[in-house]
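These notes are about the structure you will find just below.
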Amino acid sequence: MIPSKTILTDDFGRKHNYLRISLLEKCNLRCTYCMPADGITLSPKASLMTADEIFSIARTFVENGVDKIRLTGGEPLLRKDFPEIISRLSTLKTSLSITTNGILIDRHIDVLKQSGIKKINLSLDTLVASKFNSITLRNQFEKVIDNLHLLLNEDFLVKVNVVLMKGFNDNEIIDFIKLTQFLPLSIRFIEFMPFAGNEWDKSKMVSQNEILSEVGSAFTAEEIQKLEDEKNFTARTYKIKGFQGDFGIISSITNPFCDGCNRIRLTANGKIKNCLFSNSETDILTSLRNGEPIENLISESIKNKKKVRAGMVTLEEMNDPSLHFDNRSMIAIGG
Ligand code: SAM
Ligand code: SF4
């Protein structure tokens, strides 16, 4: 429970109890919607948070009311000191989860279990091996599928993130949902979002309405059950009657969910982003390294948070690519 008055409460009364920490900017895939074709300029190693610094910053957030931490990246499991980071974070009073592309899950399965991680978000945009190679530019489909099954066999709660793009995987919506018939998976269809260098265009995005219409053409109204959305939800969730798993739609573009936002992000080089779409960042790592308190900086960042999508209220504003140029690429934010 976050106390009613805290540095993590913004001017709209939203309490930010969920911290997403990016562990690194590197990745072992090159998903074209995430990593710009020319790559990104990586932060110098010395400006990335060390395991000690990650723990120290996370502890400050937890002391101020954060009770949910997700590790992301780049690919979080690529960090050599991932076992140390996760083991230390598991001593804090918070739930822990990760978002991963799944390639290195088997290598880390023991430490994930030992650290009490129950929930894992695994990104998989297609069920066709050749399409996987073309969107990630790497040949790792079988590995990801094997690791998805490993997680299910080990009783992890798995959500599969699917970024939908017109002409690429919009014809797989029903195939993904059919996976939930016999597997206890949550599929989450994500509207393609604009970030620096990812050549976003509204015409490439598959909207919430289009997804629901596709579902409606394959299942009857009685079969499609609306589930109660989680508190502070990002996905509006549904289930097909009798299926083991469920599915949801993350509609950041056409139907945002900012009213209940409880998320704050920490980049791998120690900057707070108060919104995924915000170009402004607050450097807390430099202050930490100078031995200064960071609470006032955290508070300032939260106070500056806009009501909706960093001030981009309308779809027209979201559609303006120039408003996204100064933001980071997704790979350097952490999703
Ligand atoms: N490498 C890990 C992975 O892929 O799960 C964690 C980092 S990745 C940046 C986190 C999430 O952001 C992934 O589910 C990915 O699909 C999503 N993502 C990346 N770029 C996106 C975009 N342009 N629009 C929507 N989601 C995006
Ligand atoms: Fe890497 Fe994840 Fe981005 Fe794909 S979505 S390039 S796996 S960080």
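Chain identifiers are assigned as A, B, and so on, following the order in which chains appear in the structure tokens; residues are numbered from 1 within each chain, and ligands are numbered from 1 in order of appearance.
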Could you give me, as a Markdown table, a per-residue list for chain A showing, wherever an atom lies at most 7 Å from an atom of ligand 2, the closest pair of atoms and their distance in Å to one decimal, using only C-alpha atoms and all ligand atoms and sorting by chain then residue number from low to high?
```
| residue | atom | partner | partner_atom_place_in_ligand_line | distance |
| --- | --- | --- | --- | --- |
| A:Cys27 | CA | ligand 2 | 1 (Fe) | 4.6 |
| A:Asn28 | CA | ligand 2 | 1 (Fe) | 6.2 |
| A:Leu29 | CA | ligand 2 | 1 (Fe) | 4.7 |
| A:Arg30 | CA | ligand 2 | 6 (S) | 4.1 |
| A:Cys31 | CA | ligand 2 | 6 (S) | 4.0 |
| A:Thr32 | CA | ligand 2 | 6 (S) | 7.0 |
| A:Cys34 | CA | ligand 2 | 3 (Fe) | 4.6 |
| A:Met35 | CA | ligand 2 | 6 (S) | 5.2 |
| A:Gly73 | CA | ligand 2 | 8 (S) | 5.7 |
| A:Gly74 | CA | ligand 2 | 8 (S) | 3.8 |
| A:Glu75 | CA | ligand 2 | 8 (S) | 5.2 |
| A:Thr100 | CA | ligand 2 | 2 (Fe) | 6.6 |
| A:Asn101 | CA | ligand 2 | 7 (S) | 4.8 |
| A:Ser123 | CA | ligand 2 | 2 (Fe) | 7.0 |
| A:Thr136 | CA | ligand 2 | 4 (Fe) | 6.4 |
| A:Met330 | CA | ligand 2 | 3 (Fe) | 6.6 |
| A:Ile331 | CA | ligand 2 | 8 (S) | 4.7 |
```
Residues near Val206 of chain A, anyone? I mean within 9 Å using only C-alpha atoms, not counting same-chain ones fewer than 4 positions away, as a PDB file with all heavy atoms, in the first residue's frame.
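Output saved as part-v2.pdb:
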```
ATOM      1  N   VAL A 163       3.292  -7.462 -31.034  1.00  0.00           N
ATOM      2  CA  VAL A 163       3.100  -6.152 -31.664  1.00  0.00           C
ATOM      3  C   VAL A 163       2.515  -6.425 -33.049  1.00  0.00           C
ATOM      4  O   VAL A 163       3.128  -7.108 -33.870  1.00  0.00           O
ATOM      5  CB  VAL A 163       4.434  -5.384 -31.796  1.00  0.00           C
ATOM      6  CG1 VAL A 163       4.198  -4.027 -32.483  1.00  0.00           C
ATOM      7  CG2 VAL A 163       5.079  -5.170 -30.435  1.00  0.00           C
ATOM      8  N   LEU A 164       1.304  -5.906 -33.273  1.00  0.00           N
ATOM      9  CA  LEU A 164       0.635  -6.189 -34.554  1.00  0.00           C
ATOM     10  C   LEU A 164       0.974  -5.147 -35.598  1.00  0.00           C
ATOM     11  O   LEU A 164       0.965  -3.944 -35.305  1.00  0.00           O
ATOM     12  CB  LEU A 164      -0.877  -6.233 -34.352  1.00  0.00           C
ATOM     13  CG  LEU A 164      -1.421  -7.487 -33.653  1.00  0.00           C
ATOM     14  CD1 LEU A 164      -2.914  -7.346 -33.439  1.00  0.00           C
ATOM     15  CD2 LEU A 164      -1.108  -8.759 -34.437  1.00  0.00           C
ATOM     16  N   MET A 165       1.282  -5.617 -36.798  1.00  0.00           N
ATOM     17  CA  MET A 165       1.560  -4.700 -37.910  1.00  0.00           C
ATOM     18  C   MET A 165       0.857  -5.180 -39.171  1.00  0.00           C
ATOM     19  O   MET A 165       0.892  -6.377 -39.492  1.00  0.00           O
ATOM     20  CB  MET A 165       3.065  -4.604 -38.131  1.00  0.00           C
ATOM     21  CG  MET A 165       3.727  -3.627 -37.162  1.00  0.00           C
ATOM     22  SD  MET A 165       5.462  -3.977 -36.976  1.00  0.00           S
ATOM     23  CE  MET A 165       5.392  -5.563 -36.213  1.00  0.00           C
ATOM     24  N   LYS A 166       0.216  -4.221 -39.850  1.00  0.00           N
ATOM     25  CA  LYS A 166      -0.543  -4.545 -41.069  1.00  0.00           C
ATOM     26  C   LYS A 166       0.337  -5.238 -42.101  1.00  0.00           C
ATOM     27  O   LYS A 166       1.470  -4.820 -42.348  1.00  0.00           O
ATOM     28  CB  LYS A 166      -1.090  -3.272 -41.701  1.00  0.00           C
ATOM     29  CG  LYS A 166      -2.247  -2.693 -40.952  1.00  0.00           C
ATOM     30  CD  LYS A 166      -3.514  -2.618 -41.821  1.00  0.00           C
ATOM     31  CE  LYS A 166      -4.713  -2.296 -40.956  1.00  0.00           C
ATOM     32  NZ  LYS A 166      -4.797  -0.877 -40.625  1.00  0.00           N
ATOM     33  N   ASP A 170      -1.047  -9.376 -38.961  1.00  0.00           N
ATOM     34  CA  ASP A 170      -2.468  -9.171 -38.655  1.00  0.00           C
ATOM     35  C   ASP A 170      -3.306 -10.375 -39.068  1.00  0.00           C
ATOM     36  O   ASP A 170      -4.422 -10.549 -38.593  1.00  0.00           O
ATOM     37  CB  ASP A 170      -3.011  -7.860 -39.266  1.00  0.00           C
ATOM     38  CG  ASP A 170      -2.698  -7.711 -40.742  1.00  0.00           C
ATOM     39  OD1 ASP A 170      -1.826  -8.442 -41.251  1.00  0.00           O
ATOM     40  OD2 ASP A 170      -3.327  -6.859 -41.400  1.00  0.00           O
ATOM     41  N   ILE A 190      -0.489  -5.725 -29.065  1.00  0.00           N
ATOM     42  CA  ILE A 190      -0.064  -4.353 -28.788  1.00  0.00           C
ATOM     43  C   ILE A 190      -0.153  -3.516 -30.065  1.00  0.00           C
ATOM     44  O   ILE A 190       0.349  -3.932 -31.114  1.00  0.00           O
ATOM     45  CB  ILE A 190       1.402  -4.335 -28.281  1.00  0.00           C
ATOM     46  CG1 ILE A 190       1.564  -5.264 -27.069  1.00  0.00           C
ATOM     47  CG2 ILE A 190       1.843  -2.918 -27.925  1.00  0.00           C
ATOM     48  CD1 ILE A 190       2.994  -5.359 -26.543  1.00  0.00           C
ATOM     49  N   GLU A 191      -0.810  -2.366 -29.952  1.00  0.00           N
ATOM     50  CA  GLU A 191      -0.801  -1.448 -31.100  1.00  0.00           C
ATOM     51  C   GLU A 191       0.624  -0.935 -31.311  1.00  0.00           C
ATOM     52  O   GLU A 191       1.284  -0.508 -30.346  1.00  0.00           O
ATOM     53  CB  GLU A 191      -1.746  -0.255 -30.840  1.00  0.00           C
ATOM     54  CG  GLU A 191      -3.219  -0.626 -30.919  1.00  0.00           C
ATOM     55  CD  GLU A 191      -4.147   0.569 -30.671  1.00  0.00           C
ATOM     56  OE1 GLU A 191      -3.679   1.636 -30.236  1.00  0.00           O
ATOM     57  OE2 GLU A 191      -5.357   0.422 -30.891  1.00  0.00           O
ATOM     58  N   PHE A 192       1.077  -1.003 -32.543  1.00  0.00           N
ATOM     59  CA  PHE A 192       2.409  -0.521 -32.939  1.00  0.00           C
ATOM     60  C   PHE A 192       2.539   0.956 -32.566  1.00  0.00           C
ATOM     61  O   PHE A 192       1.700   1.776 -32.936  1.00  0.00           O
ATOM     62  CB  PHE A 192       2.535  -0.741 -34.455  1.00  0.00           C
ATOM     63  CG  PHE A 192       3.802  -0.256 -35.089  1.00  0.00           C
ATOM     64  CD1 PHE A 192       5.023  -0.286 -34.429  1.00  0.00           C
ATOM     65  CD2 PHE A 192       3.778   0.217 -36.409  1.00  0.00           C
ATOM     66  CE1 PHE A 192       6.190   0.146 -35.055  1.00  0.00           C
ATOM     67  CE2 PHE A 192       4.931   0.657 -37.041  1.00  0.00           C
ATOM     68  CZ  PHE A 192       6.142   0.623 -36.356  1.00  0.00           C
ATOM     69  N   LYS A 202       0.794   5.475 -39.191  1.00  0.00           N
ATOM     70  CA  LYS A 202      -0.529   5.044 -38.716  1.00  0.00           C
ATOM     71  C   LYS A 202      -1.064   3.886 -39.561  1.00  0.00           C
ATOM     72  O   LYS A 202      -1.733   2.981 -39.051  1.00  0.00           O
ATOM     73  CB  LYS A 202      -1.472   6.241 -38.784  1.00  0.00           C
ATOM     74  CG  LYS A 202      -2.807   6.014 -38.162  1.00  0.00           C
ATOM     75  CD  LYS A 202      -3.562   7.338 -38.099  1.00  0.00           C
ATOM     76  CE  LYS A 202      -5.049   7.087 -38.016  1.00  0.00           C
ATOM     77  NZ  LYS A 202      -5.786   7.653 -39.138  1.00  0.00           N
ATOM     78  N   GLU A 210      -9.974  -2.872 -35.044  1.00  0.00           N
ATOM     79  CA  GLU A 210      -9.700  -3.868 -36.097  1.00  0.00           C
ATOM     80  C   GLU A 210      -9.438  -5.247 -35.493  1.00  0.00           C
ATOM     81  O   GLU A 210      -9.860  -6.273 -36.032  1.00  0.00           O
ATOM     82  CB  GLU A 210      -8.496  -3.410 -36.937  1.00  0.00           C
ATOM     83  CG  GLU A 210      -8.821  -2.207 -37.810  1.00  0.00           C
ATOM     84  CD  GLU A 210      -7.596  -1.558 -38.436  1.00  0.00           C
ATOM     85  OE1 GLU A 210      -6.540  -1.468 -37.781  1.00  0.00           O
ATOM     86  OE2 GLU A 210      -7.700  -1.112 -39.589  1.00  0.00           O
ATOM     87  N   ILE A 211      -8.769  -5.275 -34.358  1.00  0.00           N
ATOM     88  CA  ILE A 211      -8.496  -6.571 -33.707  1.00  0.00           C
ATOM     89  C   ILE A 211      -9.819  -7.202 -33.257  1.00  0.00           C
ATOM     90  O   ILE A 211     -10.091  -8.378 -33.512  1.00  0.00           O
ATOM     91  CB  ILE A 211      -7.556  -6.373 -32.486  1.00  0.00           C
ATOM     92  CG1 ILE A 211      -6.211  -5.790 -32.931  1.00  0.00           C
ATOM     93  CG2 ILE A 211      -7.343  -7.703 -31.744  1.00  0.00           C
ATOM     94  CD1 ILE A 211      -5.341  -5.245 -31.806  1.00  0.00           C
TER      95      ILE A 211
END
```
Identify, on the basis of only C-alpha atoms, every residue whose closest approach to segment 49-55 of chain A does not exceed 8 Å; exclude the query and any residue fewer than 5 positions from it along the same chain; express the result as a ChimeraX atom specification. /A:23,81,84-85,88-89,268-270,285,288
Would you save the residues of that selection, restricted to N, CA and C atoms, as a PDB file, in the first residue's frame?
```pdb
ATOM      1  N   LEU A  23      17.661  -2.736 -17.931  1.00  0.00           N
ATOM      2  CA  LEU A  23      18.990  -3.156 -17.452  1.00  0.00           C
ATOM      3  C   LEU A  23      20.097  -2.864 -18.453  1.00  0.00           C
ATOM      4  N   ASP A  81      25.581  -9.796 -15.249  1.00  0.00           N
ATOM      5  CA  ASP A  81      25.313  -9.834 -13.810  1.00  0.00           C
ATOM      6  C   ASP A  81      23.813  -9.936 -13.518  1.00  0.00           C
ATOM      7  N   GLU A  84      22.971 -11.757 -10.272  1.00  0.00           N
ATOM      8  CA  GLU A  84      23.234 -10.945  -9.074  1.00  0.00           C
ATOM      9  C   GLU A  84      22.142  -9.877  -8.899  1.00  0.00           C
ATOM     10  N   ILE A  85      21.789  -9.212 -10.000  1.00  0.00           N
ATOM     11  CA  ILE A  85      20.784  -8.135  -9.919  1.00  0.00           C
ATOM     12  C   ILE A  85      19.462  -8.686  -9.399  1.00  0.00           C
ATOM     13  N   ARG A  88      19.523  -9.849  -5.713  1.00  0.00           N
ATOM     14  CA  ARG A  88      19.517  -8.752  -4.740  1.00  0.00           C
ATOM     15  C   ARG A  88      18.158  -8.067  -4.685  1.00  0.00           C
ATOM     16  N   LEU A  89      17.544  -7.857  -5.850  1.00  0.00           N
ATOM     17  CA  LEU A  89      16.226  -7.201  -5.852  1.00  0.00           C
ATOM     18  C   LEU A  89      15.185  -8.060  -5.122  1.00  0.00           C
ATOM     19  N   ALA A 268      18.503   2.447 -18.534  1.00  0.00           N
ATOM     20  CA  ALA A 268      19.732   1.754 -18.115  1.00  0.00           C
ATOM     21  C   ALA A 268      20.824   2.745 -17.722  1.00  0.00           C
ATOM     22  N   ASN A 269      20.738   3.980 -18.226  1.00  0.00           N
ATOM     23  CA  ASN A 269      21.731   4.975 -17.804  1.00  0.00           C
ATOM     24  C   ASN A 269      21.190   5.908 -16.724  1.00  0.00           C
ATOM     25  N   GLY A 270      20.216   5.399 -15.981  1.00  0.00           N
ATOM     26  CA  GLY A 270      19.830   6.069 -14.740  1.00  0.00           C
ATOM     27  C   GLY A 270      19.002   7.324 -14.893  1.00  0.00           C
ATOM     28  N   LEU A 285      20.994   9.165 -11.721  1.00  0.00           N
ATOM     29  CA  LEU A 285      22.241   8.426 -11.472  1.00  0.00           C
ATOM     30  C   LEU A 285      23.392   9.358 -11.091  1.00  0.00           C
ATOM     31  N   LEU A 288      23.027  10.275  -7.554  1.00  0.00           N
ATOM     32  CA  LEU A 288      23.369   9.128  -6.697  1.00  0.00           C
ATOM     33  C   LEU A 288      24.892   8.996  -6.594  1.00  0.00           C
TER      34      LEU A 288
END
```
Those of segment 298-329 of chain A in DSSP alpha helix (DSSP H), formatted as an MDAnalysis selection string: chainID A and resid 298:303 315:318
Resulting file, chosen residues, C-alpha atoms, as a PDB file, in the first residue's frame:
```pdb
ATOM      1  CA  ILE A 298      11.914  11.551  -8.352  1.00  0.00           C
ATOM      2  CA  SER A 299       9.230  13.810  -6.920  1.00  0.00           C
ATOM      3  CA  GLU A 300       9.917  16.505  -9.518  1.00  0.00           C
ATOM      4  CA  SER A 301       9.660  14.012 -12.372  1.00  0.00           C
ATOM      5  CA  ILE A 302       6.346  12.675 -11.082  1.00  0.00           C
ATOM      6  CA  LYS A 303       4.969  16.197 -10.583  1.00  0.00           C
ATOM      7  CA  LEU A 315      -4.685  10.969 -32.349  1.00  0.00           C
ATOM      8  CA  GLU A 316      -3.563  13.797 -34.675  1.00  0.00           C
ATOM      9  CA  GLU A 317      -0.768  14.694 -32.249  1.00  0.00           C
ATOM     10  CA  MET A 318       0.226  11.038 -31.934  1.00  0.00           C
TER      11      MET A 318
END
```
If we count only C-alpha atoms, what is near Glu199 of chain A at a cut-off of 12 Å, once residues fewer than 3 positions away on the same chain are taken out, given as an NGL selection string? :A and (32-38 or 192-196 or 202-205 or 319-322 or 324-325 or 329)
Put those residues in a file: C-alpha atoms, as a short mmCIF file (atom, residue, chain, number, x, y, z; two decimals), in the first residue's frame.
```cif
data_model
loop_
_atom_site.label_atom_id
_atom_site.label_comp_id
_atom_site.auth_asym_id
_atom_site.auth_seq_id
_atom_site.Cartn_x
_atom_site.Cartn_y
_atom_site.Cartn_z
CA THR A 32 12.53 -3.71 -36.79
CA TYR A 33 9.73 -1.88 -34.91
CA CYS A 34 12.01 -1.44 -31.89
CA MET A 35 15.64 -1.19 -33.02
CA PRO A 36 16.29 1.44 -35.73
CA ALA A 37 17.81 0.01 -38.94
CA ASP A 38 21.06 1.96 -38.33
CA PHE A 192 2.41 -0.52 -32.94
CA MET A 193 3.75 2.67 -31.32
CA PRO A 194 5.96 5.47 -32.72
CA PHE A 195 9.51 5.90 -31.41
CA ALA A 196 12.66 7.43 -32.82
CA LYS A 202 -0.53 5.04 -38.72
CA SER A 203 -1.30 2.89 -41.74
CA LYS A 204 0.97 0.11 -40.39
CA MET A 205 -0.84 -0.02 -37.05
CA ASN A 319 0.32 10.82 -35.72
CA ASP A 320 2.85 13.67 -35.97
CA PRO A 321 6.22 11.92 -36.39
CA SER A 322 8.14 15.08 -35.45
CA HIS A 324 8.53 11.44 -31.53
CA PHE A 325 11.93 12.21 -33.06
CA SER A 329 14.10 4.35 -29.50
#
```
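When only C-alpha atoms and all ligand atoms are used to measure the gap to ligand 1, the shortest distance among A:Pro76, A:Pro293, A:Gly245, A:Gly116 belongs to A:Pro76.
Checking A:Leu78, A:Leu323, A:Ala235, A:Ala310 one by one against Ile250 of chain A, counting only C-alpha atoms, you find the shortest gap at A:Ala235.
In terms of minimum interatomic distance to Gln244 of chain A, A:Ile187 ranks closest within A:Ile135, A:Ile40, A:Ile187, A:Leu24, counting only C-alpha atoms.
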Might you pull out every residue within 12 Å of segment 257-261 of chain A, with only C-alpha atoms counted and same-chain residues fewer than 3 positions away left off, and present them as a PyMOL selection string? chain A and resi 8-19+229-236+249-254+264-265+274-277+302+305-313
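Within the 12 Å cut-off around Thr220 of chain A, using only C-alpha atoms and omitting residues fewer than 6 positions from it on the same chain, the listed residues are Leu212, Ser213, Glu214, Lys239, Ile240 and Lys241 of chain A.
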Can you pull out the residues contacting Lys68 of chain A? Cut-off 9 Å, using only C-alpha atoms, and skip same-chain residues under 5 positions away; I want them as a list in words. Asn17, Tyr18, Leu19, Arg20, Val62, Lys93, Thr94, Ser95, Leu96 and Ser97 of chain A
Rank nothing, just name the residue among A:Thr6, A:Thr282, A:Asn161, A:Ser287 nearest to ligand 1, using only C-alpha atoms and all ligand atoms. A:Asn161
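Of the listed residues A:Gly216, A:Gly102, A:Gly167, A:Gly242, the one whose atoms come nearest to Thr72 of chain A is A:Gly102, with distances taken using only C-alpha atoms.
The space between atom CA of Leu92 of chain A and atom CA of Asn64 of chain A spans 12.2 Å.
Counting only C-alpha atoms and all ligand atoms and comparing A:Ile272, A:Val160, A:Leu151, A:Leu185, the residue that lies closest to ligand 1 is A:Val160.
Atom CA of Leu157 of chain A sits 6.0 Å away from atom CA of Lys118 of chain A.
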